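Before any comments, here is the structure.
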Amino acid sequence: MALETFSPTTLVCFRYLTSGLFMLIVARIAGWHIPRGRELWLTAFFGVVTLGIGNGCLAFAEQWVPSGLAALFVTTSPFWLVGTEALAPRGEPLHAPTIKGMLVGVAGVAFLVAPAAVDFRANPLVLGAFLLLQFGCAGWAVGSIAQRKTSSRAHPFVSGAVQQLATGIVYSVPAAIRHDPIHWSPRGIGAIIYLMIFGSIVGYSAYVFAMDRLPVAVASIYTYVNPIVAVILGWLLYNEPFGVREAIAMVIIFAGVAMVKKASSAPVPVEKLGADRAAESGQYGE
């Protein structure tokens, strides 16, 4: 719905500039540590990789496919996260149950995109959107795991603010060059406000905190909720198709995610979660 008002580049730019700036102001008032120097640059870079590639690809892909279908495509995100964690230094290795769950999830995605794969010429945009979204999921996973493995004094809320502001600044360049027209509409304005409050300020902050404190498989629980919300809203507001194939694919993909989460439920040893963390009450002060 937000794409009714903004182009993809303008949407990402406006959304993250606004939410990131607001969150930094809140963090400053709260007296939390604001990253500086190398810590600031690393946090900003991880944000651009995570949000700039991840949500940037999603914004562009939703020009080609319905939001519900795009949401189903990105349910592969937990597999990218768990796989990236396994490949990272001191990461949790992949075990047989985890691999089985990942294969089930891949089977669900294959079932979902099978019609487009069989008739590529008739559905080039669908397959293009799928590949673009998988690239976005990979970027999201790499940025998230890299941030998780990097020691930081910043509160997760502050880290999220820096990441969002950096992403907005990066996207301001193509947004300014393209200078796409803005088509204001009540529904579009409502959608962007919803994305900034619940998607950026609340949702992403919670995700950064979860990635900082919980096993990767547990932190990826957001993928259970987002596709369902997107599918329901797309069906209710846009009459987007949601048939038997999509329903079966969703069940298969979620079954795979559940298997991966169950196999990866043990806490993951992460250096940044070690004993060098100060007491929660005072660790984020200046």
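Convention: chains lettered A, B, ... in structure tokens order; per-chain residue numbering from 1; ligands numbered from 1 as shown.
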
Those of range 63-249 of chain A in DSSP helix (DSSP H, G or I), formatted as a count of residues only: 148

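Within 8 Å of Leu132 in chain A, once only C-alpha atoms are used and residues closer than 2 positions along the same chain are dropped, the contacting residues are Cys57, Leu58, Ala61, Gly128, Ala129, Phe130, Gln134, Phe135 and Gly136 of chain A.
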
Would you save the residues of that selection, restricted to N, CA and C atoms, as a PDB file, in the first residue's frame?
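Saved as result18.pdb:
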ATOM      1  N   CYS A  57      15.165  -4.893  -1.553  1.00  0.00           N
ATOM      2  CA  CYS A  57      14.737  -5.887  -2.548  1.00  0.00           C
ATOM      3  C   CYS A  57      13.241  -6.159  -2.438  1.00  0.00           C
ATOM      4  N   LEU A  58      12.733  -6.195  -1.207  1.00  0.00           N
ATOM      5  CA  LEU A  58      11.303  -6.433  -1.014  1.00  0.00           C
ATOM      6  C   LEU A  58      10.470  -5.313  -1.629  1.00  0.00           C
ATOM      7  N   ALA A  61      10.538  -5.782  -5.388  1.00  0.00           N
ATOM      8  CA  ALA A  61       9.843  -6.996  -5.822  1.00  0.00           C
ATOM      9  C   ALA A  61       8.334  -6.840  -5.761  1.00  0.00           C
ATOM     10  N   GLY A 128      11.669 -13.565 -11.411  1.00  0.00           N
ATOM     11  CA  GLY A 128      12.593 -12.473 -11.126  1.00  0.00           C
ATOM     12  C   GLY A 128      12.414 -11.952  -9.712  1.00  0.00           C
ATOM     13  N   ALA A 129      11.152 -11.808  -9.297  1.00  0.00           N
ATOM     14  CA  ALA A 129      10.870 -11.356  -7.938  1.00  0.00           C
ATOM     15  C   ALA A 129      11.374 -12.363  -6.914  1.00  0.00           C
ATOM     16  N   PHE A 130      11.179 -13.650  -7.202  1.00  0.00           N
ATOM     17  CA  PHE A 130      11.643 -14.689  -6.283  1.00  0.00           C
ATOM     18  C   PHE A 130      13.159 -14.622  -6.113  1.00  0.00           C
ATOM     19  N   GLN A 134      15.286 -13.635  -2.746  1.00  0.00           N
ATOM     20  CA  GLN A 134      16.276 -14.522  -2.126  1.00  0.00           C
ATOM     21  C   GLN A 134      17.602 -13.793  -1.932  1.00  0.00           C
ATOM     22  N   PHE A 135      17.948 -12.923  -2.873  1.00  0.00           N
ATOM     23  CA  PHE A 135      19.136 -12.086  -2.693  1.00  0.00           C
ATOM     24  C   PHE A 135      18.946 -11.169  -1.489  1.00  0.00           C
ATOM     25  N   GLY A 136      17.728 -10.632  -1.348  1.00  0.00           N
ATOM     26  CA  GLY A 136      17.428  -9.793  -0.195  1.00  0.00           C
ATOM     27  C   GLY A 136      17.520 -10.562   1.112  1.00  0.00           C
TER      28      GLY A 136
END

Each residue of range 32-138 of chain A lying at most 12 Å from range 170-185 of chain A should get a row with its shortest atom-to-atom pair and the distance in Å to one decimal, counting only C-alpha atoms; could you produce that, ordered by chain and increasing number, as CSV?
residue,atom,partner,partner_atom,distance
A:Ala44,CA,A:Val170,CA,10.1
A:Phe45,CA,A:Val170,CA,10.2
A:Gly47,CA,A:Val170,CA,10.5
A:Val48,CA,A:Val170,CA,7.6
A:Val49,CA,A:Val170,CA,10.8
A:Leu51,CA,A:Tyr171,CA,10.6
A:Gly52,CA,A:Tyr171,CA,7.7
A:Ile53,CA,A:Tyr171,CA,10.6
A:Asn55,CA,A:Tyr171,CA,11.6
A:Gly56,CA,A:Tyr171,CA,9.0

Nearest to Gly160 in chain A by atom-to-atom distance, counting only C-alpha atoms, from A:Thr84, A:Ser220, A:Ser200, A:Ser67: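 Selected residue with least distance to Gly160 in chain A: A:Ser200.
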
Nearest candidate to Pro78 in chain A (options A:Met250, A:Val158, A:Ile29, A:Ala217; using only C-alpha atoms): A:Ala217
